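Enquirer: Take a look at final01.tsv, TSV, C-alpha atoms:
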```tsv
chain	number	residue	atom	x	y	z
A	652	MET	CA	0.00	0.00	0.00
A	653	PRO	CA	2.47	2.67	-1.20
A	654	ALA	CA	1.89	6.44	-1.14
A	655	TYR	CA	3.68	8.94	-3.33
A	656	LYS	CA	4.95	12.44	-2.75
A	657	TYR	CA	5.00	15.45	-5.05
A	658	THR	CA	6.16	19.04	-4.71
A	659	LEU	CA	4.01	22.13	-5.15
A	660	LYS	CA	5.31	25.26	-6.87
A	661	SER	CA	5.70	26.77	-3.45
A	662	GLY	CA	8.15	24.01	-2.58
A	663	LYS	CA	5.75	22.32	-0.14
A	664	ILE	CA	5.76	18.52	-0.23
A	665	MET	CA	2.39	16.77	-0.49
A	666	TRP	CA	1.33	13.13	-0.87
A	667	TYR	CA	-1.08	11.23	-3.09
A	668	ALA	CA	-2.68	7.78	-3.16
A	669	ASN	CA	-2.58	5.80	-6.40
A	670	PHE	CA	-4.18	2.36	-6.63
A	671	TYR	CA	-6.57	0.04	-8.47
A	672	TYR	CA	-9.69	-1.76	-7.28
A	673	THR	CA	-12.48	-3.94	-8.72
A	674	ASP	CA	-15.95	-2.42	-8.43
A	675	TRP	CA	-19.26	-4.23	-7.84
A	676	THR	CA	-19.74	-4.81	-11.58
A	677	GLY	CA	-16.37	-6.60	-11.86
A	678	LYS	CA	-14.63	-3.74	-13.65
A	679	LYS	CA	-11.10	-2.77	-12.66
A	680	LYS	CA	-10.85	0.93	-11.87
A	681	HIS	CA	-8.06	3.37	-11.09
A	682	ILE	CA	-8.04	5.85	-8.22
A	683	CYS	CA	-5.61	8.74	-7.87
A	684	LYS	CA	-6.26	11.11	-4.98
A	685	ARG	CA	-3.99	14.09	-4.26
A	686	GLY	CA	-3.79	16.69	-1.53
A	687	PHE	CA	-2.66	14.73	1.54
A	688	LYS	CA	-0.29	16.47	3.93
A	689	THR	CA	1.35	13.26	5.13
A	690	GLN	CA	2.16	9.80	3.80
A	691	ARG	CA	0.05	8.35	6.60
A	692	GLU	CA	-3.05	10.29	5.46
A	693	ALA	CA	-2.65	9.04	1.89
A	694	LYS	CA	-2.30	5.43	3.02
A	695	GLU	CA	-5.26	5.77	5.37
A	696	TYR	CA	-7.40	7.05	2.50
A	697	GLU	CA	-6.53	3.99	0.39
A	698	ARG	CA	-7.12	1.61	3.30
A	699	SER	CA	-10.49	3.18	4.11
A	700	PHE	CA	-11.59	3.21	0.46
A	701	LEU	CA	-10.69	-0.45	-0.11
A	702	ASP	CA	-12.30	-1.42	3.18
A	703	GLN	CA	-15.60	0.06	2.01
A	704	GLU	CA	-15.41	-2.09	-1.12
A	705	LYS	CA	-15.31	-5.27	0.94
A	706	ASN	CA	-18.38	-7.46	1.20
A	707	THR	CA	-17.15	-9.59	4.07
A	708	SER	CA	-17.75	-9.30	7.81
A	709	ASP	CA	-14.17	-8.21	8.55
A	710	ILE	CA	-15.11	-4.78	7.23
A	711	LEU	CA	-14.59	-1.99	9.76
A	712	PHE	CA	-17.73	-0.80	11.52
A	713	SER	CA	-17.07	2.76	10.30
A	714	SER	CA	-16.96	1.54	6.69
A	715	LEU	CA	-20.14	-0.49	7.21
A	716	VAL	CA	-21.83	2.67	8.47
A	717	GLU	CA	-20.78	4.68	5.40
A	718	ASN	CA	-22.04	1.99	3.04
A	719	TYR	CA	-25.27	1.55	5.01
A	720	LEU	CA	-26.05	5.27	5.05
A	721	GLU	CA	-25.28	5.67	1.35
A	722	ASP	CA	-27.49	2.69	0.49
A	723	MET	CA	-30.40	3.73	2.72
A	724	SER	CA	-30.30	7.35	1.52
A	725	HIS	CA	-31.93	6.11	-1.71
A	726	ARG	CA	-34.74	4.37	0.18
A	727	LEU	CA	-35.60	6.54	3.20
A	728	LYS	CA	-36.83	10.10	3.66
A	729	PRO	CA	-34.24	12.82	4.35
A	730	THR	CA	-35.71	13.39	7.82
A	731	THR	CA	-35.34	9.70	8.67
A	732	MET	CA	-31.76	9.74	7.42
A	733	GLU	CA	-30.92	12.76	9.57
A	734	ASN	CA	-32.23	10.98	12.65
A	735	LYS	CA	-30.20	7.89	11.82
A	736	LYS	CA	-27.02	9.90	11.25
A	737	PHE	CA	-27.50	11.74	14.55
A	738	ILE	CA	-27.83	8.52	16.54
A	739	ILE	CA	-25.04	6.68	14.72
A	740	THR	CA	-22.59	9.59	14.99
A	741	GLY	CA	-23.29	10.32	18.63
A	742	LYS	CA	-24.00	6.91	20.14
A	743	LEU	CA	-22.49	4.17	17.95
A	744	LEU	CA	-19.33	5.35	16.20
A	745	PRO	CA	-17.58	6.56	19.40
A	746	TYR	CA	-17.71	2.96	20.68
A	747	PHE	CA	-17.45	0.71	17.60
A	748	GLU	CA	-15.82	2.86	14.91
A	749	ASN	CA	-12.44	1.08	14.77
A	750	LEU	CA	-13.70	-2.47	15.33
A	751	LYS	CA	-14.20	-5.05	12.62
A	752	VAL	CA	-17.87	-5.99	12.37
A	753	CYS	CA	-17.05	-9.66	12.94
A	754	ASP	CA	-15.31	-8.75	16.23
A	755	ILE	CA	-18.37	-7.04	17.73
A	756	ASP	CA	-19.74	-9.69	20.05
A	757	THR	CA	-22.36	-9.85	22.81
A	758	VAL	CA	-19.84	-8.87	25.50
A	759	LYS	CA	-18.90	-5.64	23.71
A	760	ILE	CA	-22.55	-4.85	23.01
A	761	ARG	CA	-23.59	-5.35	26.64
A	762	LYS	CA	-20.73	-3.12	27.82
A	763	TRP	CA	-21.94	-0.47	25.38
A	764	GLN	CA	-25.50	-0.90	26.63
A	765	ASN	CA	-24.32	-0.53	30.22
A	766	GLU	CA	-22.62	2.75	29.29
A	767	LEU	CA	-25.93	4.06	27.99
A	768	LEU	CA	-27.84	2.78	31.02
A	769	SER	CA	-25.35	4.45	33.39
A	770	TYR	CA	-25.49	7.86	31.69
A	771	ARG	CA	-26.77	10.85	33.66
A	772	ASP	CA	-26.96	14.45	32.46
A	773	ASP	CA	-26.03	17.52	34.51
A	774	ASN	CA	-29.39	17.30	36.30
A	775	GLY	CA	-28.93	13.63	37.13
A	776	LYS	CA	-31.44	12.41	34.53
A	777	PRO	CA	-30.81	9.23	32.49
A	778	PHE	CA	-31.73	8.65	28.88
A	779	SER	CA	-35.45	7.94	28.47
A	780	GLN	CA	-36.48	4.32	28.01
A	781	THR	CA	-37.83	5.04	24.53
A	782	TYR	CA	-34.56	6.72	23.49
A	783	LEU	CA	-32.54	3.74	24.75
A	784	LYS	CA	-34.76	1.45	22.70
A	785	THR	CA	-34.31	3.59	19.59
A	786	VAL	CA	-30.51	3.66	19.89
A	787	ASN	CA	-30.30	-0.08	20.53
A	788	ASN	CA	-32.57	-0.75	17.55
A	789	GLN	CA	-30.26	1.27	15.30
A	790	LEU	CA	-27.25	-0.85	16.21
A	791	SER	CA	-29.33	-3.97	15.62
A	792	ALA	CA	-30.41	-2.63	12.22
A	793	LEU	CA	-26.76	-2.14	11.22
A	794	MET	CA	-25.84	-5.65	12.32
A	795	ASN	CA	-28.84	-7.05	10.42
A	796	TYR	CA	-27.52	-5.19	7.38
A	797	ALA	CA	-24.14	-6.87	7.88
A	798	VAL	CA	-25.84	-10.28	8.12
A	799	ALA	CA	-27.74	-9.68	4.90
A	800	HIS	CA	-24.96	-8.12	2.81
A	801	TYR	CA	-21.57	-8.81	4.42
A	802	GLY	CA	-21.72	-12.43	5.43
A	803	LEU	CA	-21.97	-11.88	9.19
A	804	ALA	CA	-23.08	-15.20	10.66
A	805	SER	CA	-25.69	-13.76	13.03
A	806	ASN	CA	-26.77	-10.54	14.70
A	807	PRO	CA	-25.07	-10.38	18.14
A	808	CYS	CA	-27.62	-7.81	19.33
A	809	ARG	CA	-30.25	-10.53	19.56
A	810	ALA	CA	-28.17	-12.64	21.93
A	811	ALA	CA	-27.08	-9.57	23.91
A	812	GLY	CA	-30.69	-8.65	24.64
A	813	SER	CA	-32.47	-5.34	24.27
A	814	ILE	CA	-32.63	-2.25	26.45
A	815	GLY	CA	-35.31	0.40	26.84
A	816	LYS	CA	-39.00	0.29	26.06
A	817	SER	CA	-41.01	0.83	22.90
A	818	LYS	CA	-43.57	2.99	24.72
A	819	ALA	CA	-43.12	5.46	27.54
A	820	ASP	CA	-44.55	4.46	30.93
A	821	GLU	CA	-46.45	7.74	31.01
A	822	MET	CA	-47.83	9.93	28.24
A	823	ASN	CA	-47.66	13.66	28.80
A	824	ILE	CA	-50.93	15.27	27.77
A	825	TRP	CA	-52.98	18.39	28.48
A	826	THR	CA	-56.69	18.41	29.10
A	827	GLN	CA	-58.87	20.79	27.08
A	828	GLU	CA	-59.00	23.13	30.08
A	829	GLN	CA	-55.21	23.12	30.41
A	830	TYR	CA	-54.80	23.71	26.70
A	831	GLU	CA	-57.12	26.74	26.70
A	832	LYS	CA	-55.13	28.18	29.59
A	833	PHE	CA	-51.96	27.65	27.55
A	834	SER	CA	-53.51	29.12	24.41
A	835	GLY	CA	-54.63	32.21	26.29
A	836	SER	CA	-51.04	32.99	27.26
A	837	ILE	CA	-49.81	33.22	23.64
A	838	GLN	CA	-49.44	36.69	22.15
A	839	LYS	CA	-48.58	35.96	18.52
A	840	PRO	CA	-51.72	35.21	16.42
A	841	SER	CA	-49.85	32.90	14.04
A	842	VAL	CA	-48.39	30.82	16.87
A	843	LYS	CA	-51.73	30.66	18.72
A	844	LEU	CA	-53.54	29.48	15.59
A	845	ALA	CA	-50.86	26.89	14.83
A	846	PHE	CA	-51.21	25.35	18.28
A	847	ASP	CA	-55.01	25.48	18.04
A	848	VAL	CA	-54.84	23.51	14.81
A	849	LEU	CA	-52.52	20.94	16.38
A	850	PHE	CA	-54.68	20.47	19.49
A	851	TYR	CA	-58.07	20.36	17.77
A	852	THR	CA	-57.03	18.19	14.80
A	853	GLY	CA	-54.30	15.91	16.14
A	854	MET	CA	-52.12	16.69	13.12
A	855	ARG	CA	-48.39	16.04	13.14
A	856	SER	CA	-46.26	19.19	13.24
A	857	GLY	CA	-44.79	18.44	9.81
A	858	GLU	CA	-48.31	18.19	8.39
A	859	LEU	CA	-49.26	21.50	9.98
A	860	LEU	CA	-46.23	23.33	8.59
A	861	ALA	CA	-46.96	22.01	5.08
A	862	LEU	CA	-50.49	23.45	5.01
A	863	THR	CA	-51.39	25.85	2.20
A	864	PRO	CA	-54.61	27.84	1.57
A	865	ALA	CA	-55.57	25.22	-1.02
A	866	ASP	CA	-55.67	22.59	1.74
A	867	ILE	CA	-58.40	24.45	3.66
A	868	LEU	CA	-61.59	23.30	1.95
A	869	PRO	CA	-64.95	25.18	1.83
A	870	SER	CA	-66.57	22.06	3.30
A	871	LYS	CA	-64.74	22.91	6.55
A	872	ARG	CA	-62.23	20.15	6.17
A	873	ILE	CA	-58.45	20.07	5.96
A	874	ASP	CA	-56.82	18.08	3.17
A	875	ILE	CA	-53.64	16.57	4.67
A	876	ASN	CA	-51.50	15.45	1.74
A	877	LYS	CA	-47.87	16.40	2.44
A	878	ASN	CA	-45.27	16.87	5.13
A	879	TYR	CA	-42.82	19.76	5.63
A	880	ALA	CA	-39.26	19.33	6.82
A	881	LYS	CA	-36.05	21.34	6.82
A	882	VAL	CA	-32.88	19.26	6.39
A	883	ASN	CA	-29.43	20.86	6.24
A	884	GLY	CA	-31.04	24.23	5.53
A	885	GLN	CA	-33.08	22.87	2.62
A	886	GLU	CA	-36.87	23.11	2.77
A	887	LEU	CA	-38.60	19.93	1.65
A	888	PHE	CA	-42.19	18.89	0.94
A	889	LEU	CA	-42.36	15.15	1.49
A	890	GLU	CA	-44.92	12.40	1.09
A	891	PRO	CA	-46.90	11.72	4.28
A	892	LYS	CA	-45.53	9.21	6.78
A	893	THR	CA	-47.82	6.40	5.58
A	894	GLN	CA	-50.50	5.96	2.94
A	895	LYS	CA	-53.20	6.30	5.60
A	896	ALA	CA	-51.60	9.60	6.64
A	897	LYS	CA	-53.13	11.11	3.49
A	898	ARG	CA	-56.53	12.07	4.81
A	899	CYS	CA	-59.21	14.73	4.80
A	900	ILE	CA	-60.48	15.62	8.27
A	901	ALA	CA	-63.41	17.75	9.42
A	902	ILE	CA	-62.71	20.69	11.70
A	903	PRO	CA	-65.02	22.63	14.05
A	904	ASP	CA	-66.59	25.87	12.83
A	905	PHE	CA	-64.57	28.09	15.18
A	906	LEU	CA	-61.27	26.66	13.91
A	907	TYR	CA	-62.29	26.93	10.26
A	908	ASN	CA	-63.32	30.57	10.77
A	909	ASP	CA	-60.06	31.39	12.60
A	910	ILE	CA	-57.97	29.84	9.83
A	911	CYS	CA	-59.85	31.67	7.06
A	912	ASP	CA	-59.63	34.95	8.96
A	913	TYR	CA	-55.88	34.52	9.44
A	914	ILE	CA	-55.27	33.66	5.77
A	915	SER	CA	-57.27	36.71	4.67
A	916	LYS	CA	-54.77	38.92	6.49
A	917	LEU	CA	-51.70	37.39	4.81
A	918	TYR	CA	-50.92	39.89	2.07
A	919	GLY	CA	-50.23	38.35	-1.33
A	920	ILE	CA	-50.42	34.72	-0.20
A	921	GLN	CA	-50.98	32.25	-3.03
A	922	ASN	CA	-52.88	28.95	-2.90
A	923	GLY	CA	-49.63	26.98	-2.89
A	924	ASP	CA	-47.83	29.07	-0.27
A	925	ARG	CA	-47.27	27.81	3.24
A	926	ILE	CA	-49.63	29.29	5.84
A	927	PHE	CA	-47.22	28.99	8.77
A	928	TYR	CA	-43.69	30.21	8.16
A	929	PHE	CA	-41.80	28.82	11.12
A	930	THR	CA	-39.98	25.59	11.97
A	931	LYS	CA	-40.53	22.66	14.31
A	932	SER	CA	-37.77	23.91	16.60
A	933	ALA	CA	-39.48	27.32	16.80
A	934	LEU	CA	-42.71	25.60	17.85
A	935	GLU	CA	-40.87	23.68	20.58
A	936	LYS	CA	-39.47	26.94	21.96
A	937	GLU	CA	-42.87	28.61	21.86
A	938	ILE	CA	-44.69	25.78	23.63
A	939	LYS	CA	-42.12	25.77	26.44
A	940	LYS	CA	-42.26	29.54	26.85
A	941	ALA	CA	-46.07	29.71	26.86
A	942	ALA	CA	-46.40	26.69	29.17
A	943	ASP	CA	-44.05	28.34	31.70
A	944	LYS	CA	-46.06	31.55	31.47
A	945	ALA	CA	-49.34	29.67	32.05
A	946	GLY	CA	-47.87	27.65	34.92
A	947	LEU	CA	-48.47	24.32	33.18
A	948	PRO	CA	-46.32	21.17	33.16
A	949	PRO	CA	-44.16	21.23	30.02
A	950	ILE	CA	-44.99	18.93	27.13
A	951	ARG	CA	-43.62	18.49	23.61
A	952	VAL	CA	-45.37	19.75	20.48
A	953	HIS	CA	-46.05	16.12	19.50
A	954	ASP	CA	-47.83	15.63	22.83
A	955	LEU	CA	-50.62	17.89	21.55
A	956	ARG	CA	-51.42	15.06	19.13
A	957	HIS	CA	-51.65	12.68	22.10
A	958	SER	CA	-53.77	15.26	23.93
A	959	HIS	CA	-56.19	15.37	21.00
A	960	ALA	CA	-56.47	11.57	21.00
A	961	SER	CA	-57.07	11.58	24.76
A	962	MET	CA	-59.84	14.15	24.33
A	963	LEU	CA	-61.50	12.00	21.65
A	964	VAL	CA	-61.34	8.96	23.92
A	965	GLU	CA	-63.07	10.91	26.68
A	966	MET	CA	-65.71	12.09	24.21
A	967	GLY	CA	-66.53	8.44	23.48
A	968	PHE	CA	-65.18	8.04	19.94
A	969	SER	CA	-64.18	4.54	18.85
A	970	PRO	CA	-60.57	3.48	18.18
A	971	LEU	CA	-61.38	3.19	14.46
A	972	GLU	CA	-62.66	6.78	14.30
A	973	ILE	CA	-59.60	8.05	16.18
A	974	SER	CA	-57.27	5.99	13.97
A	975	ASN	CA	-58.75	7.48	10.78
A	976	ARG	CA	-58.51	11.01	12.13
A	977	LEU	CA	-54.91	10.65	13.24
A	978	GLY	CA	-53.85	8.92	10.03
A	979	HIS	CA	-52.55	5.77	11.69
A	980	GLU	CA	-51.66	2.87	9.41
A	981	SER	CA	-53.99	0.58	11.37
A	982	VAL	CA	-56.31	0.53	14.36
A	983	LYS	CA	-53.68	-1.64	16.08
A	984	THR	CA	-51.33	1.35	16.13
A	985	THR	CA	-54.02	3.43	17.82
A	986	LEU	CA	-54.77	0.76	20.42
A	987	ASP	CA	-51.08	0.09	21.09
A	988	THR	CA	-50.49	3.81	21.64
A	989	TYR	CA	-53.61	4.80	23.56
A	990	SER	CA	-54.94	1.62	25.19
A	991	HIS	CA	-53.93	2.97	28.61
A	992	LEU	CA	-56.46	5.77	28.15
A	993	TYR	CA	-59.28	3.22	28.31
A	994	PRO	CA	-58.80	1.84	31.87
A	995	ASP	CA	-62.37	2.55	33.03
A	996	LYS	CA	-64.06	1.73	29.74
A	997	ASP	CA	-64.42	-1.93	30.66
A	998	GLN	CA	-66.30	-0.96	33.83
A	999	GLN	CA	-68.50	1.40	31.83
A	1000	LEU	CA	-69.26	-1.47	29.46
A	1001	ALA	CA	-70.32	-3.70	32.37
A	1002	GLU	CA	-72.59	-0.95	33.73
A	1003	ARG	CA	-74.20	-0.53	30.32
A	1004	LEU	CA	-74.88	-4.27	30.22
A	1005	ASN	CA	-76.48	-4.01	33.65
A	1006	GLN	CA	-78.75	-1.24	32.43
A	1007	PHE	CA	-79.57	-3.18	29.27
A	1008	ARG	CA	-80.55	-6.27	31.25
A	1009	LYS	CA	-82.72	-4.28	33.66
A	1010	ALA	CA	-84.49	-2.62	30.72
A	1011	THR	CA	-85.11	-6.01	29.09
A	1012	PRO	CA	-86.34	-8.45	31.82
A	1013	MET	CA	-85.63	-12.10	31.19
A	1014	GLU	CA	-88.64	-14.26	30.39
A	1015	GLU	CA	-89.71	-16.55	33.19
A	1016	ILE	CA	-88.40	-20.06	32.76
A	1017	PRO	CA	-91.31	-22.61	32.89
```
For the file at hand, write its structure as structure tokens.

Expert:
Amino acid sequence: MPAYKYTLKSGKIMWYANFYYTDWTGKKKHICKRGFKTQREAKEYERSFLDQEKNTSDILFSSLVENYLEDMSHRLKPTTMENKKFIITGKLLPYFENLKVCDIDTVKIRKWQNELLSYRDDNGKPFSQTYLKTVNNQLSALMNYAVAHYGLASNPCRAAGSIGKSKADEMNIWTQEQYEKFSGSIQKPSVKLAFDVLFYTGMRSGELLALTPADILPSKRIDINKNYAKVNGQELFLEPKTQKAKRCIAIPDFLYNDICDYISKLYGIQNGDRIFYFTKSALEKEIKKAADKAGLPPIRVHDLRHSHASMLVEMGFSPLEISNRLGHESVKTTLDTYSHLYPDKDQQLAERLNQFRKATPMEEIP
């Protein structure tokens, strides 16, 4: 693995890598890369490049990650890719970067898991159970990728066991009374309306930020057909999360009137223009600030969606109706997420059966 030096006009000595490799189609190709300050950097470039071309399990974890991210970037949404990169860069590469994939065993994985379980921030708080589960799942996904495409015999994450939980033990929600108290503490009309839409429709924040005047229908419904995201400074309009996420939902008169009134005051707005010109991070800041002002327990913007679902449960709507409104892929998703909101429904059912039986006396048995 030689490296070669050359001299710039200024007299400075630089290094370059010069080598051949066989690509995935079987063609032999030549690589010449200049601009390295040291011989070591040039050799490291060649080593790293050739390592990424391997399709065996002795590939370095860092090279597996690069190949995985490049491959998945053609199949996943930019927002999903950003989340993956954030987790991999912050929680996986610092531990496994320089290891060969085939050398990552259950012992190493459990030591890594224990590091995550032992973490405490400056306030003494650990990672949430759902976050631990997400991070562990990402490592498992990478090892599954190595099994499928790099000849790894098995996924060691399975034998190591999982950490964290798929669902939080508690769901942070606001009641309608709490929400109105929160809403009353907001000064900016655009921000107040945005939160009203989130609370009274159960929309996702990305769906809210993608709304245009054309999506507000005269039938007092909202046509939810796209998702807004900002990735690396680029504004994107994406397909909804799932096919069922494309939906048209009815809204109450007061919300329809507020939206129409607000749009009428936006000078020069076109049918395809966004109604709300702020970001998800701006919404998170606003909800925290207004919640503090109203003296309410803090929740996330996404928790307004859970609050809406909770309100619908209390109003007596069925899981199917709630599922359709929220745009869940199936009723199972709704039940898995909100089943804990139905603890007294079984007792109510029994009481209804009692009333039904009393209203319909049994015939006397001869």

Enquirer: From the options A:Val848, A:Ile760, A:Ala865, A:Val882, which residue's atoms come nearest to A:Ile902, counting all atoms listed in the file?

Expert: A:Val848

Enquirer: I'd like to know which of A:Met723, A:Cys753, A:Ile873, A:Ala811 is closest to A:Pro903, using only C-alpha atoms.

Expert: A:Ile873

Enquirer: Could you tell me which of A:Leu955, A:Ala942, A:Ala896, A:Leu744 comes closest to A:Asn876 if we count only C-alpha atoms?

Expert: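 Closest to A:Asn876 of all the choices is A:Ala896.
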
Enquirer: With distances taken over all atoms listed in the file, which of A:Ser969, A:Thr781, A:Asn734, A:Asn787 is nearest to A:Lys816?

Expert: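 Using all atoms listed in the file, A:Lys816 sits closest to A:Thr781.
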
Enquirer: Give as a ChimeraX atom specification the set of residues within 12 Å of the point (-66.4, 26.4, 11.0), where distances use the file's coordinates and all atoms listed in the file.

Expert: /A:867-873,901-912

Enquirer: Can you pull out the residues contacting A:Lys944? Cut-off 9 Å, using only C-alpha atoms, and skip same-chain residues under 4 positions away; I want them as a PDB file with C-alpha atoms, in the coordinates of the input.

Expert:
```pdb
ATOM      1  CA  PHE A 833     -51.960  27.650  27.550  1.00  0.00           C
ATOM      2  CA  SER A 836     -51.040  32.990  27.260  1.00  0.00           C
ATOM      3  CA  ILE A 837     -49.810  33.220  23.640  1.00  0.00           C
ATOM      4  CA  LYS A 939     -42.120  25.770  26.440  1.00  0.00           C
ATOM      5  CA  LYS A 940     -42.260  29.540  26.850  1.00  0.00           C
TER       6      LYS A 940
END
```
